[in-house]
>>> print(open('target.cif').read())   # mmCIF, C-alpha atoms
data_work
#
loop_
_atom_site.label_atom_id
_atom_site.label_comp_id
_atom_site.auth_asym_id
_atom_site.auth_seq_id
_atom_site.Cartn_x
_atom_site.Cartn_y
_atom_site.Cartn_z
CA MET T 1 -193.28 -36.76 52.21
CA LEU T 2 -196.28 -38.97 51.65
CA CYS T 3 -198.20 -37.17 54.40
CA GLU T 4 -197.87 -33.75 52.71
CA LYS T 5 -201.07 -34.33 50.80
CA TYR T 6 -202.96 -34.38 54.09
CA LYS T 7 -201.60 -31.07 55.26
CA PRO T 8 -204.22 -28.77 53.64
CA ALA T 9 -206.95 -30.91 55.09
CA LEU T 10 -205.34 -30.70 58.51
CA ILE T 11 -205.10 -26.90 58.29
CA GLU T 12 -208.71 -26.61 57.22
CA SER T 13 -209.80 -28.89 59.99
CA ALA T 14 -207.90 -26.84 62.53
CA VAL T 15 -209.30 -23.56 61.23
CA ALA T 16 -212.89 -24.77 61.06
CA GLY T 17 -212.67 -26.76 64.27
CA SER T 18 -214.47 -29.57 62.54
CA ASP T 19 -213.91 -33.28 62.49
CA LEU T 20 -211.72 -34.90 59.89
CA ALA T 21 -212.96 -36.90 57.00
CA PRO T 22 -213.07 -40.68 57.66
CA ALA T 23 -210.21 -41.39 55.28
CA ILE T 24 -207.95 -38.84 56.93
CA ARG T 25 -208.98 -40.00 60.35
CA ALA T 26 -208.01 -43.55 59.42
CA HIS T 27 -204.65 -42.26 58.25
CA MET T 28 -204.16 -40.32 61.46
CA ALA T 29 -204.66 -43.45 63.50
CA THR T 30 -201.66 -45.02 61.83
CA CYS T 31 -199.47 -41.92 61.32
CA PRO T 32 -198.16 -40.22 64.47
CA SER T 33 -196.48 -37.51 62.38
CA CYS T 34 -199.79 -36.34 60.95
CA ALA T 35 -201.39 -36.56 64.36
CA ALA T 36 -198.69 -34.25 65.70
CA GLU T 37 -199.17 -31.99 62.71
CA LEU T 38 -202.85 -31.64 63.51
CA VAL T 39 -202.07 -30.74 67.10
CA GLN T 40 -199.63 -28.08 65.91
CA GLN T 41 -202.13 -26.62 63.48
CA ARG T 42 -204.74 -26.43 66.20
CA SER T 43 -202.31 -24.72 68.54
CA LEU T 44 -201.42 -22.24 65.80
CA ILE T 45 -205.07 -21.35 65.26
CA ALA T 46 -205.53 -21.01 68.99
CA ALA T 47 -202.59 -18.63 69.15
CA ILE T 48 -204.02 -16.57 66.30
CA ASN T 49 -207.41 -16.41 67.96
CA ALA T 50 -205.91 -15.46 71.29
CA ASN T 51 -203.89 -12.64 69.79
CA LEU T 52 -206.80 -11.31 67.81
CA HIS T 53 -209.03 -11.57 70.83
CA ARG T 54 -206.55 -9.66 72.94
CA GLN T 55 -206.20 -6.95 70.33
CA MET T 56 -209.85 -6.52 69.63
CA ASN T 57 -210.99 -6.55 73.24
CA ALA T 58 -208.47 -4.12 74.61
CA PRO T 59 -210.01 -1.72 77.11
CA VAL T 60 -211.35 1.44 75.64
CA PRO T 61 -209.85 4.60 77.13
CA ALA T 62 -212.26 5.71 79.78
CA ALA T 63 -212.14 9.35 78.88
CA MET T 64 -212.52 8.82 75.16
CA LEU T 65 -216.23 9.48 75.02
CA GLN T 66 -215.95 12.42 77.40
CA ARG T 67 -213.27 13.92 75.20
CA PHE T 68 -215.41 13.40 72.17
CA GLU T 69 -218.46 14.97 73.79
CA ALA T 70 -216.38 17.95 74.80
CA HIS T 71 -215.12 18.19 71.25
CA LEU T 72 -218.66 17.91 69.99
CA ALA T 73 -219.79 20.79 72.18
CA GLN T 74 -217.22 23.02 70.52
CA HIS T 75 -218.29 21.96 67.03
CA PRO T 76 -222.05 22.09 66.60
CA GLN T 77 -223.58 20.31 63.69
CA PRO T 78 -222.99 22.31 60.54
CA LYS T 79 -225.74 23.54 58.34
CA ARG T 80 -227.20 21.02 56.07
CA ALA T 81 -225.60 20.96 52.68
CA PRO T 82 -227.87 20.66 49.66
CA ARG T 83 -228.56 17.09 48.80
CA PHE T 84 -227.58 15.62 45.51
CA ALA T 85 -231.23 15.08 44.64
CA GLN T 86 -232.02 18.74 45.18
CA VAL T 87 -229.06 19.84 43.08
CA PHE T 88 -230.06 17.41 40.36
CA ALA T 89 -233.65 18.62 40.36
CA GLY T 90 -232.50 22.22 40.05
CA ALA T 91 -230.25 21.41 37.13
CA LEU T 92 -233.04 19.48 35.44
CA ALA T 93 -235.48 22.37 35.79
CA THR T 94 -232.92 24.77 34.33
CA LEU T 95 -232.35 22.48 31.37
CA ALA T 96 -236.08 22.15 30.74
CA PHE T 97 -236.51 25.92 30.84
CA ALA T 98 -233.64 26.43 28.42
CA ALA T 99 -235.03 23.81 26.05
CA THR T 100 -238.45 25.51 26.10
CA ILE T 101 -236.90 28.87 25.28
CA VAL T 102 -234.93 27.39 22.40
CA LEU T 103 -238.03 25.71 20.95
CA LEU T 104 -240.15 28.85 21.21
CA LEU T 105 -237.61 31.10 19.51
CA PRO T 106 -238.10 31.67 15.74
CA ARG T 107 -235.89 29.62 13.56
CA HIS T 108 -232.83 31.15 12.05
CA ARG T 109 -233.33 32.43 8.53
CA SER T 110 -231.16 30.84 5.95
CA PRO T 111 -231.06 31.67 2.31
CA GLY T 112 -233.00 29.11 0.34
CA ASN T 113 -233.33 28.21 -3.29
CA ASN T 114 -236.84 29.58 -3.72
CA THR T 115 -237.04 32.51 -6.07
CA LYS T 116 -240.10 34.63 -5.45
CA LEU T 117 -241.81 37.47 -7.25
CA VAL T 118 -242.92 40.34 -5.04
CA ALA T 119 -244.85 43.54 -5.44
CA PRO T 120 -243.90 45.40 -8.57
CA GLN T 121 -242.67 48.93 -8.26
CA PRO T 122 -244.07 51.66 -10.53
CA THR T 123 -241.76 53.17 -13.02
CA GLU T 124 -241.94 56.70 -14.42
CA ASN T 125 -244.52 55.83 -17.04
CA GLY T 126 -246.75 54.12 -14.45
CA VAL T 127 -245.97 50.60 -15.53
CA HIS T 128 -245.34 48.20 -12.69
CA GLU T 129 -242.44 45.93 -13.06
CA PRO T 130 -242.32 42.71 -11.15
CA ARG T 131 -239.30 41.97 -9.02
CA VAL T 132 -237.81 38.60 -8.38
CA VAL T 133 -236.41 38.11 -4.89
CA ARG T 134 -235.09 35.24 -2.87
CA GLU T 135 -236.98 34.48 0.31
CA THR T 136 -237.39 31.75 2.87
CA PRO T 137 -240.32 29.41 2.33
CA SER T 138 -242.19 30.73 5.37
CA ASN T 139 -242.15 34.26 3.96
CA ALA T 140 -242.66 33.36 0.33
CA THR T 141 -244.54 36.02 -1.60
CA VAL T 142 -245.67 36.11 -5.19
CA SER T 143 -247.13 39.22 -6.72
CA LEU T 144 -249.08 39.32 -9.93
CA GLY T 145 -249.72 43.04 -10.15
CA HIS T 146 -252.46 45.09 -8.51
CA GLN T 147 -255.02 42.37 -7.94
CA PRO T 148 -254.89 40.32 -4.77
CA LYS T 149 -255.18 36.60 -5.14
CA PRO T 150 -256.21 34.02 -2.53
CA PRO T 151 -253.58 31.59 -1.38
CA SER T 152 -253.03 28.92 -3.95
CA HIS T 153 -250.00 27.22 -2.48
CA ALA T 154 -249.03 26.16 0.96
CA ARG T 155 -245.84 28.16 0.87
CA THR T 156 -246.89 31.15 -1.21
CA ARG T 157 -249.40 33.95 -1.01
CA ILE T 158 -250.44 36.69 -3.38
CA VAL T 159 -250.29 40.22 -2.08
CA LEU T 160 -251.69 43.48 -3.39
CA ALA T 161 -249.08 44.99 -5.58
CA SER T 162 -248.26 48.55 -4.74
CA ALA T 163 -245.28 50.77 -4.85
CA ALA T 164 -245.10 51.08 -1.08
CA ALA T 165 -245.35 47.38 -0.37
CA SER T 166 -241.85 46.42 -1.22
CA PRO T 167 -239.58 46.99 1.74
CA HIS T 168 -237.49 43.91 1.13
CA PRO T 169 -233.88 44.07 2.23
CA GLU T 170 -233.02 40.97 0.21
CA PRO T 171 -231.32 41.35 -3.16
CA GLU T 172 -233.79 41.59 -6.03
CA VAL T 173 -233.64 41.05 -9.75
CA ILE T 174 -235.34 43.59 -11.95
CA VAL T 175 -237.21 42.00 -14.83
CA PRO T 176 -236.89 44.05 -18.02
CA PRO T 177 -240.15 45.23 -19.64
CA ASP T 178 -239.60 43.03 -22.64
CA GLU T 179 -239.57 39.96 -20.45
CA ARG T 180 -242.50 40.98 -18.29
CA ILE T 181 -245.10 39.04 -20.23
CA ALA T 182 -242.96 35.97 -20.28
CA MET T 183 -242.43 36.30 -16.58
CA GLU T 184 -246.13 36.52 -15.89
CA HIS T 185 -246.72 33.47 -18.05
CA PHE T 186 -244.07 31.79 -16.06
CA ILE T 187 -245.75 32.74 -12.82
CA ALA T 188 -249.15 31.64 -14.10
CA ASP T 189 -247.74 28.33 -15.21
CA LEU T 190 -246.00 28.07 -11.90
CA HIS T 191 -249.31 28.20 -10.09
CA GLY T 192 -251.35 26.40 -12.69
CA ASP T 193 -253.57 29.39 -13.35
CA GLY T 194 -253.51 30.20 -17.06
CA GLU T 195 -256.49 32.60 -17.01
CA ILE T 196 -254.75 35.06 -14.81
CA ALA T 197 -251.73 34.96 -17.03
CA LEU T 198 -253.83 35.79 -20.12
CA ALA T 199 -255.66 38.60 -18.31
CA ARG T 200 -252.44 40.11 -17.20
CA ALA T 201 -250.91 39.91 -20.64
CA LYS T 202 -253.96 41.68 -22.22
CA ARG T 203 -253.89 44.48 -19.69
CA ILE T 204 -250.20 45.19 -20.16
CA THR T 205 -250.75 45.38 -23.95
CA GLU T 206 -253.51 47.97 -23.45
CA GLN T 207 -251.25 49.99 -21.20
CA ARG T 208 -248.63 50.05 -23.93
CA GLU T 209 -251.14 51.32 -26.53
CA GLN T 210 -252.40 54.02 -24.19
CA ALA T 211 -248.83 55.24 -23.71
CA ILE T 212 -248.74 56.26 -27.45
CA VAL T 213 -250.33 59.71 -27.61
CA PRO T 214 -250.84 61.57 -30.97
CA VAL T 215 -249.22 65.01 -31.04
CA ASP T 216 -250.46 67.96 -33.17
CA ALA T 217 -247.34 69.42 -34.84
CA PRO T 218 -246.55 71.03 -38.22
CA ASP T 219 -245.11 68.79 -40.85
CA ILE T 220 -241.38 68.74 -41.01
CA GLN T 221 -239.84 69.47 -44.40
CA ILE T 222 -236.27 68.41 -45.10
CA ALA T 223 -234.62 70.38 -47.90
CA ALA T 224 -231.22 68.82 -48.02
CA LEU T 225 -229.09 66.43 -46.02
CA LYS T 226 -225.47 66.94 -45.24
CA VAL T 227 -223.42 64.19 -43.77
CA GLN T 228 -220.41 65.17 -41.65
CA PRO T 229 -218.41 63.50 -38.84
CA ILE T 230 -219.30 64.18 -35.26
CA ARG T 231 -216.96 66.57 -33.50
CA GLN T 232 -215.54 66.00 -30.05
CA THR T 233 -217.29 69.05 -28.61
CA ASP T 234 -220.68 67.76 -29.79
CA MET T 235 -220.06 64.45 -28.18
CA GLY T 236 -219.16 66.13 -24.91
CA SER T 237 -222.23 68.34 -24.96
CA ASP T 238 -224.43 65.31 -25.62
CA LYS T 239 -223.19 63.76 -22.49
CA MET D 1 -233.72 -2.38 73.06
CA GLN D 2 -232.50 1.14 72.91
CA GLU D 3 -235.05 3.89 73.18
CA LEU D 4 -235.08 6.11 70.16
CA VAL D 5 -236.09 9.70 69.85
CA LEU D 6 -238.44 10.24 66.97
CA THR D 7 -236.58 12.63 64.75
CA GLN D 8 -236.98 12.63 61.03
CA PRO D 9 -234.65 14.47 58.66
CA THR D 10 -237.59 15.81 56.68
CA SER D 11 -239.23 17.33 59.70
CA ALA D 12 -235.95 18.90 60.67
CA ALA D 13 -235.64 20.34 57.21
CA ARG D 14 -239.19 21.67 57.35
CA ALA D 15 -238.37 23.37 60.62
CA GLY D 16 -235.40 25.00 58.99
CA TRP D 17 -237.39 26.12 55.95
CA SER D 18 -240.21 27.46 58.01
CA GLY D 19 -237.74 29.72 59.75
CA ASP D 20 -239.03 28.89 63.21
CA PRO D 21 -235.92 29.11 65.40
CA ASP D 22 -237.54 27.33 68.33
CA ALA D 23 -238.60 24.34 66.26
CA LYS D 24 -235.19 24.24 64.63
CA ALA D 25 -233.40 24.30 67.95
CA ALA D 26 -235.69 21.59 69.29
CA GLU D 27 -234.98 19.40 66.29
CA ALA D 28 -231.25 19.91 66.67
CA ALA D 29 -231.41 19.09 70.36
CA ALA D 30 -233.41 15.94 69.71
CA LEU D 31 -230.99 14.89 67.00
CA ARG D 32 -228.05 15.40 69.26
CA ARG D 33 -229.71 13.52 72.10
CA GLU D 34 -230.34 10.57 69.83
CA PHE D 35 -226.76 10.59 68.65
CA GLU D 36 -225.40 10.71 72.19
CA GLU D 37 -227.53 7.75 73.15
CA ARG D 38 -225.97 5.73 70.37
CA LEU D 39 -222.54 7.05 71.17
CA ALA D 40 -222.22 5.07 74.40
CA GLU D 41 -222.84 1.83 72.52
CA CYS D 42 -220.99 2.50 69.30
CA GLY D 43 -218.08 4.62 70.46
CA PRO D 44 -216.08 1.68 71.86
CA LEU D 45 -216.86 -0.30 68.72
CA ALA D 46 -215.34 2.41 66.54
CA PHE D 47 -212.29 2.50 68.77
CA ARG D 48 -211.77 -1.25 68.68
CA VAL D 49 -212.11 -1.50 64.95
CA ALA D 50 -209.54 1.25 64.54
CA ARG D 51 -207.25 -0.38 67.10
CA GLY D 52 -207.51 -3.70 65.31
CA VAL D 53 -206.15 -2.05 62.19
CA LEU D 54 -203.66 0.36 63.72
CA ARG D 55 -202.68 -1.65 66.85
CA ASN D 56 -202.04 1.53 68.73
CA ALA D 57 -204.36 2.99 71.33
CA ALA D 58 -203.57 6.65 70.78
CA ASP D 59 -203.95 6.52 67.01
CA ALA D 60 -207.03 4.37 67.32
CA GLU D 61 -208.61 6.96 69.56
CA ASP D 62 -207.82 9.70 67.07
CA VAL D 63 -209.43 7.69 64.29
CA ALA D 64 -212.43 6.86 66.45
CA GLN D 65 -212.88 10.53 67.29
CA GLU D 66 -212.76 11.45 63.64
CA ALA D 67 -215.17 8.69 62.69
CA LEU D 68 -217.62 9.75 65.40
CA LEU D 69 -217.38 13.35 64.30
CA ARG D 70 -218.10 12.42 60.70
CA ALA D 71 -220.98 10.27 61.80
CA TYR D 72 -222.38 13.10 63.85
CA ARG D 73 -222.18 15.55 60.99
CA ARG D 74 -223.98 13.17 58.67
CA PHE D 75 -226.31 11.67 61.21
CA GLU D 76 -229.25 13.72 59.99
CA ARG D 77 -228.94 12.27 56.51
CA LEU D 78 -228.93 8.67 57.70
CA ARG D 79 -232.38 7.40 56.77
CA ASP D 80 -232.25 4.04 58.48
CA ARG D 81 -231.01 4.81 61.96
CA SER D 82 -230.88 1.14 62.83
CA ARG D 83 -227.87 0.85 60.56
CA PHE D 84 -225.93 3.48 62.44
CA ARG D 85 -223.63 0.89 64.01
CA ALA D 86 -222.69 -0.69 60.68
CA TRP D 87 -222.24 2.76 59.20
CA LEU D 88 -219.90 3.82 61.99
CA VAL D 89 -217.90 0.59 61.77
CA ARG D 90 -217.28 1.11 58.08
CA ILE D 91 -216.29 4.75 58.57
CA SER D 92 -213.86 3.82 61.33
CA PHE D 93 -212.42 0.92 59.37
CA ARG D 94 -211.86 3.04 56.28
CA LEU D 95 -210.26 5.86 58.23
CA ALA D 96 -207.97 3.42 60.03
CA LEU D 97 -206.94 1.84 56.74
CA ASP D 98 -206.18 5.27 55.30
CA ARG D 99 -204.07 6.15 58.29
CA ALA D 100 -202.20 2.83 58.13
CA ARG D 101 -201.45 3.42 54.46
CA SER D 102 -200.17 6.89 55.18
CA TRP D 103 -197.96 5.35 57.85
CA ASN D 104 -196.53 2.95 55.36
CA ARG D 105 -195.79 5.72 52.91
CA ARG D 106 -194.18 7.80 55.61
CA GLU D 107 -192.09 4.90 56.84
CA GLN D 108 -190.61 4.48 53.41
CA ARG D 109 -189.42 8.07 53.50
CA GLU D 110 -188.10 8.33 57.01
CA THR D 111 -184.91 6.95 58.49
CA GLU D 112 -184.49 3.67 60.30
CA TRP D 113 -184.53 5.12 63.81
CA ALA D 114 -187.85 6.81 63.18
CA ARG D 115 -189.58 3.74 61.81
CA GLN D 116 -190.72 2.37 65.15
CA ARG D 117 -194.37 3.01 65.66
CA PRO D 118 -195.21 4.80 68.88
CA VAL D 119 -195.90 2.39 71.71
CA ASP D 120 -198.01 4.11 74.27
CA THR D 121 -199.46 1.56 76.60
CA THR D 122 -198.24 -1.49 78.46
CA GLU D 123 -200.63 -3.59 76.42
CA ASP D 124 -198.94 -2.47 73.27
CA LEU D 125 -195.59 -3.42 74.78
CA ALA D 126 -196.88 -6.82 75.79
CA ALA D 127 -198.25 -7.43 72.34
CA SER D 128 -195.03 -6.58 70.53
CA SER D 129 -193.70 -10.12 70.52
CA GLU D 130 -192.30 -11.85 67.49
CA PHE D 131 -195.38 -13.93 66.85
CA GLN D 132 -197.53 -10.86 67.21
CA ALA D 133 -195.44 -9.07 64.63
CA HIS D 134 -195.80 -11.91 62.16
CA LEU D 135 -199.50 -12.16 62.81
CA ASN D 136 -199.95 -8.44 62.34
CA ARG D 137 -198.15 -8.58 59.05
CA ALA D 138 -200.28 -11.46 57.89
CA VAL D 139 -203.46 -9.64 58.92
CA ASP D 140 -202.33 -6.54 57.06
CA GLU D 141 -202.02 -8.59 53.91
CA LEU D 142 -205.61 -9.75 54.04
CA SER D 143 -208.17 -8.17 51.78
CA PRO D 144 -210.31 -5.52 53.50
CA LYS D 145 -213.49 -7.57 53.42
CA LEU D 146 -211.79 -10.57 55.05
CA ARG D 147 -210.00 -8.34 57.48
CA LEU D 148 -213.10 -6.55 58.69
CA VAL D 149 -214.93 -9.82 59.31
CA LEU D 150 -211.92 -11.22 61.16
CA LEU D 151 -211.64 -8.18 63.43
CA LEU D 152 -215.32 -7.95 64.21
CA ALA D 153 -215.62 -11.67 64.89
CA ALA D 154 -212.77 -11.45 67.38
CA MET D 155 -214.75 -9.11 69.61
CA GLU D 156 -216.40 -10.72 72.58
CA GLU D 157 -219.72 -8.98 72.38
CA HIS D 158 -220.27 -9.63 68.68
CA PRO D 159 -221.19 -13.17 67.72
CA LEU D 160 -221.24 -14.12 64.07
CA ASP D 161 -224.92 -13.41 63.52
CA ASP D 162 -224.40 -9.94 64.96
CA VAL D 163 -221.45 -9.41 62.63
CA ALA D 164 -223.58 -10.55 59.72
CA GLN D 165 -226.32 -8.12 60.68
CA MET D 166 -223.80 -5.34 61.15
CA LEU D 167 -222.27 -5.84 57.73
CA GLY D 168 -225.53 -6.62 55.97
CA LEU D 169 -224.27 -10.02 54.88
CA PRO D 170 -225.70 -13.52 55.14
CA ILE D 171 -224.35 -15.54 58.01
CA GLY D 172 -222.94 -18.07 55.58
CA THR D 173 -220.91 -15.38 53.86
CA VAL D 174 -219.53 -14.20 57.18
CA LYS D 175 -218.54 -17.75 58.11
CA SER D 176 -216.86 -18.40 54.79
CA ARG D 177 -214.97 -15.12 54.97
CA LEU D 178 -213.86 -15.84 58.50
CA PHE D 179 -212.70 -19.31 57.48
CA ALA D 180 -210.81 -17.92 54.49
CA ALA D 181 -209.15 -15.25 56.61
CA LYS D 182 -207.97 -17.68 59.27
CA LYS D 183 -206.80 -20.16 56.71
CA GLN D 184 -204.70 -17.51 55.01
CA LEU D 185 -203.23 -16.51 58.35
CA ALA D 186 -202.42 -20.12 59.22
CA GLU D 187 -200.76 -20.71 55.86
CA LYS D 188 -198.62 -17.60 56.22
CA LEU D 189 -197.54 -18.55 59.73
CA GLN D 190 -196.64 -22.17 59.01
CA CYS D 191 -192.90 -21.64 58.91
CA TYR D 192 -193.01 -19.60 62.08
CA VAL D 193 -194.88 -22.32 63.93
CA LYS D 194 -192.42 -24.99 62.80
CA ASN D 195 -189.50 -22.92 64.03
CA THR D 196 -190.97 -22.33 67.43
CA ASN D 197 -192.56 -25.70 67.83
CA PRO D 198 -190.21 -28.30 66.41
CA ARG D 199 -191.40 -31.86 66.25
#
>>> encode(input="target.cif", output="structure tokens")
Amino acid sequence: MLCEKYKPALIESAVAGSDLAPAIRAHMATCPSCAAELVQQRSLIAAINANLHRQMNAPVPAAMLQRFEAHLAQHPQPKRAPRFAQVFAGALATLAFAATIVLLLPRHRSPGNNTKLVAPQPTENGVHEPRVVRETPSNATVSLGHQPKPPSHARTRIVLASAAASPHPEPEVIVPPDERIAMEHFIADLHGDGEIALARAKRITEQREQAIVPVDAPDIQIAALKVQPIRQTDMGSDK
Amino acid sequence: MQELVLTQPTSAARAGWSGDPDAKAAEAAALRREFEERLAECGPLAFRVARGVLRNAADAEDVAQEALLRAYRRFERLRDRSRFRAWLVRISFRLALDRARSWNRREQRETEWARQRPVDTTEDLAASSEFQAHLNRAVDELSPKLRLVLLLAAMEEHPLDDVAQMLGLPIGTVKSRLFAAKKQLAEKLQCYVKNTNPR
């Protein structure tokens, strides 16, 4: 039982074919059991080596290569498959092309919060009314009537107001005539240009005065007034 | 030193792209000639590696044929032709391991009378002793990297430095793996040795 501690060293010595350590060798000189154990371990390793040697050096069938060459003659080398690198390069080029296309395409329009004033449309009495529309920043347009104005803002431009220049599909808000002056003041303040706002307000006032035309007509004389309720038929005919 | 035919995969590809049938045929013929020159040296090696795993000549030949065929089909893509031998050894070893595993799975399904592996040659019969069976089992339980070194080192014509070159390993690694493999075998066969060789 005491010699069991030497057993791993004996196995390792037998496997490596090396000499024992001096301490173990001294023990072996006095222990015939361990000496016999070493002989057995060496014979075991020799048996293992002999079996492996016999297995691994068995004669190769003589006709093996001839059979393979005959098989090879029936199966010529197939066409070369595309290499991984080539496939990868193709995929990369396709991705780059797709990315270029995506970057060059115009950006999708989304409704923004910018409220813009565009070309006013003429009404029946010739007065142009400004319209307030919602537009994207890139297409922002502000109209101040008939006079063009140079760009005063990075995202806005002033266009010549005309009746034909308003093909906007976006929803628009019609500004009532009473609020027109206030709207133009608002626009002028918006752009920091008060002179234009005053000029526009003066012109609209003149247009209003010109719309009042004196009419030559005989004086109307009212003899008597009679008050009576409105009948249903009169109401229908008024409509 | 073996004489090599100068054949580059890129030049073969250029011949194919250029559409010149003569140049393409010449490249294919040169490639095949180079492969056949290596076949005489490496064919037996593939067989022996497969036989070391399968321990059966007929199955080992099948595996060697398959390994050689795969090597031939991919020979054009092999950039470093000097590593053809190591490449073929690994292909053959892997194929033999796969076949041995499929055997094991099949054996679990089949009946007792069909479990005996085919014994084709007299050498196989001579090797089917009790000790051989125990040794084979112990070798099967080794890890693949230890097993491949053990099998290659057991071949006469392959000293340890050749095995190291074949596997692309330092010689010290090959020695340590060989030592570990044999030690594991010796430890697993201790009881068997005591029974057959009583003190």
>>> atom_distance(input="target.cif", atom1="CA of Leu88 in chain D", atom2="CA of Gly172 in chain D")
23.0 Å
>>> interface_residues(input="target.cif", of="chain T", to="chain D", cutoff="8 Å", atoms="all atoms listed in the file", output="PyMOL selection string")
chain T and resi 11-12+15-16+36+40-41+44-45+48-49+51-53+55-58+60+64-65+68+72+77-78
>>> closest_residue(input="target.cif", among="D:Val149, D:Cys191, D:Leu97, D:Met166", to="Arg85 in chain D", atoms="all atoms listed in the file")
D:Met166
>>> atom_distance(input="target.cif", atom1="CA of Cys34 in chain T", atom2="CA of Glu130 in chain D")
26.4 Å
>>> atom_distance(input="target.cif", atom1="CA of Val163 in chain D", atom2="CA of Cys42 in chain D")
13.7 Å
>>> decode(input="target.cif", residues="range 92-106 of chain T", atoms="N, CA, C and O atoms", output="PDB file, in the first residue's frame")
ATOM      1  N   LEU T  92     -21.805  43.410 -51.130  1.00  0.00           N
ATOM      2  CA  LEU T  92     -21.384  44.729 -50.658  1.00  0.00           C
ATOM      3  C   LEU T  92     -21.673  45.802 -51.707  1.00  0.00           C
ATOM      4  O   LEU T  92     -22.150  46.898 -51.385  1.00  0.00           O
ATOM      5  N   ALA T  93     -21.393  45.485 -52.960  1.00  0.00           N
ATOM      6  CA  ALA T  93     -21.657  46.445 -54.031  1.00  0.00           C
ATOM      7  C   ALA T  93     -23.151  46.730 -54.143  1.00  0.00           C
ATOM      8  O   ALA T  93     -23.569  47.878 -54.343  1.00  0.00           O
ATOM      9  N   THR T  94     -23.962  45.709 -54.003  1.00  0.00           N
ATOM     10  CA  THR T  94     -25.411  45.901 -54.068  1.00  0.00           C
ATOM     11  C   THR T  94     -25.903  46.792 -52.935  1.00  0.00           C
ATOM     12  O   THR T  94     -26.728  47.689 -53.134  1.00  0.00           O
ATOM     13  N   LEU T  95     -25.350  46.566 -51.747  1.00  0.00           N
ATOM     14  CA  LEU T  95     -25.742  47.395 -50.605  1.00  0.00           C
ATOM     15  C   LEU T  95     -25.333  48.853 -50.813  1.00  0.00           C
ATOM     16  O   LEU T  95     -26.090  49.772 -50.499  1.00  0.00           O
ATOM     17  N   ALA T  96     -24.129  49.059 -51.337  1.00  0.00           N
ATOM     18  CA  ALA T  96     -23.664  50.422 -51.573  1.00  0.00           C
ATOM     19  C   ALA T  96     -24.551  51.127 -52.597  1.00  0.00           C
ATOM     20  O   ALA T  96     -24.898  52.304 -52.442  1.00  0.00           O
ATOM     21  N   PHE T  97     -24.933  50.406 -53.652  1.00  0.00           N
ATOM     22  CA  PHE T  97     -25.796  50.989 -54.667  1.00  0.00           C
ATOM     23  C   PHE T  97     -27.158  51.361 -54.072  1.00  0.00           C
ATOM     24  O   PHE T  97     -27.686  52.448 -54.322  1.00  0.00           O
ATOM     25  N   ALA T  98     -27.700  50.456 -53.273  1.00  0.00           N
ATOM     26  CA  ALA T  98     -28.999  50.732 -52.656  1.00  0.00           C
ATOM     27  C   ALA T  98     -28.926  51.925 -51.711  1.00  0.00           C
ATOM     28  O   ALA T  98     -29.829  52.767 -51.673  1.00  0.00           O
ATOM     29  N   ALA T  99     -27.830  52.021 -50.955  1.00  0.00           N
ATOM     30  CA  ALA T  99     -27.672  53.151 -50.041  1.00  0.00           C
ATOM     31  C   ALA T  99     -27.563  54.465 -50.803  1.00  0.00           C
ATOM     32  O   ALA T  99     -28.125  55.494 -50.398  1.00  0.00           O
ATOM     33  N   THR T 100     -26.866  54.455 -51.946  1.00  0.00           N
ATOM     34  CA  THR T 100     -26.753  55.662 -52.765  1.00  0.00           C
ATOM     35  C   THR T 100     -28.116  56.102 -53.284  1.00  0.00           C
ATOM     36  O   THR T 100     -28.452  57.286 -53.268  1.00  0.00           O
ATOM     37  N   ILE T 101     -28.896  55.132 -53.749  1.00  0.00           N
ATOM     38  CA  ILE T 101     -30.231  55.457 -54.265  1.00  0.00           C
ATOM     39  C   ILE T 101     -31.093  56.073 -53.172  1.00  0.00           C
ATOM     40  O   ILE T 101     -31.795  57.071 -53.379  1.00  0.00           O
ATOM     41  N   VAL T 102     -31.031  55.489 -51.999  1.00  0.00           N
ATOM     42  CA  VAL T 102     -31.848  55.986 -50.884  1.00  0.00           C
ATOM     43  C   VAL T 102     -31.443  57.410 -50.511  1.00  0.00           C
ATOM     44  O   VAL T 102     -32.285  58.276 -50.237  1.00  0.00           O
ATOM     45  N   LEU T 103     -30.137  57.690 -50.530  1.00  0.00           N
ATOM     46  CA  LEU T 103     -29.678  59.032 -50.155  1.00  0.00           C
ATOM     47  C   LEU T 103     -30.030  60.067 -51.209  1.00  0.00           C
ATOM     48  O   LEU T 103     -30.249  61.240 -50.897  1.00  0.00           O
ATOM     49  N   LEU T 104     -30.060  59.655 -52.474  1.00  0.00           N
ATOM     50  CA  LEU T 104     -30.345  60.611 -53.541  1.00  0.00           C
ATOM     51  C   LEU T 104     -31.832  60.899 -53.690  1.00  0.00           C
ATOM     52  O   LEU T 104     -32.211  61.908 -54.268  1.00  0.00           O
ATOM     53  N   LEU T 105     -32.672  60.018 -53.221  1.00  0.00           N
ATOM     54  CA  LEU T 105     -34.111  60.236 -53.349  1.00  0.00           C
ATOM     55  C   LEU T 105     -34.541  61.418 -52.487  1.00  0.00           C
ATOM     56  O   LEU T 105     -33.974  61.646 -51.420  1.00  0.00           O
ATOM     57  N   PRO T 106     -35.574  62.204 -52.937  1.00  0.00           N
ATOM     58  CA  PRO T 106     -36.068  63.297 -52.090  1.00  0.00           C
ATOM     59  C   PRO T 106     -36.708  62.754 -50.835  1.00  0.00           C
ATOM     60  O   PRO T 106     -37.287  61.666 -50.834  1.00  0.00           O
TER      61      PRO T 106
END
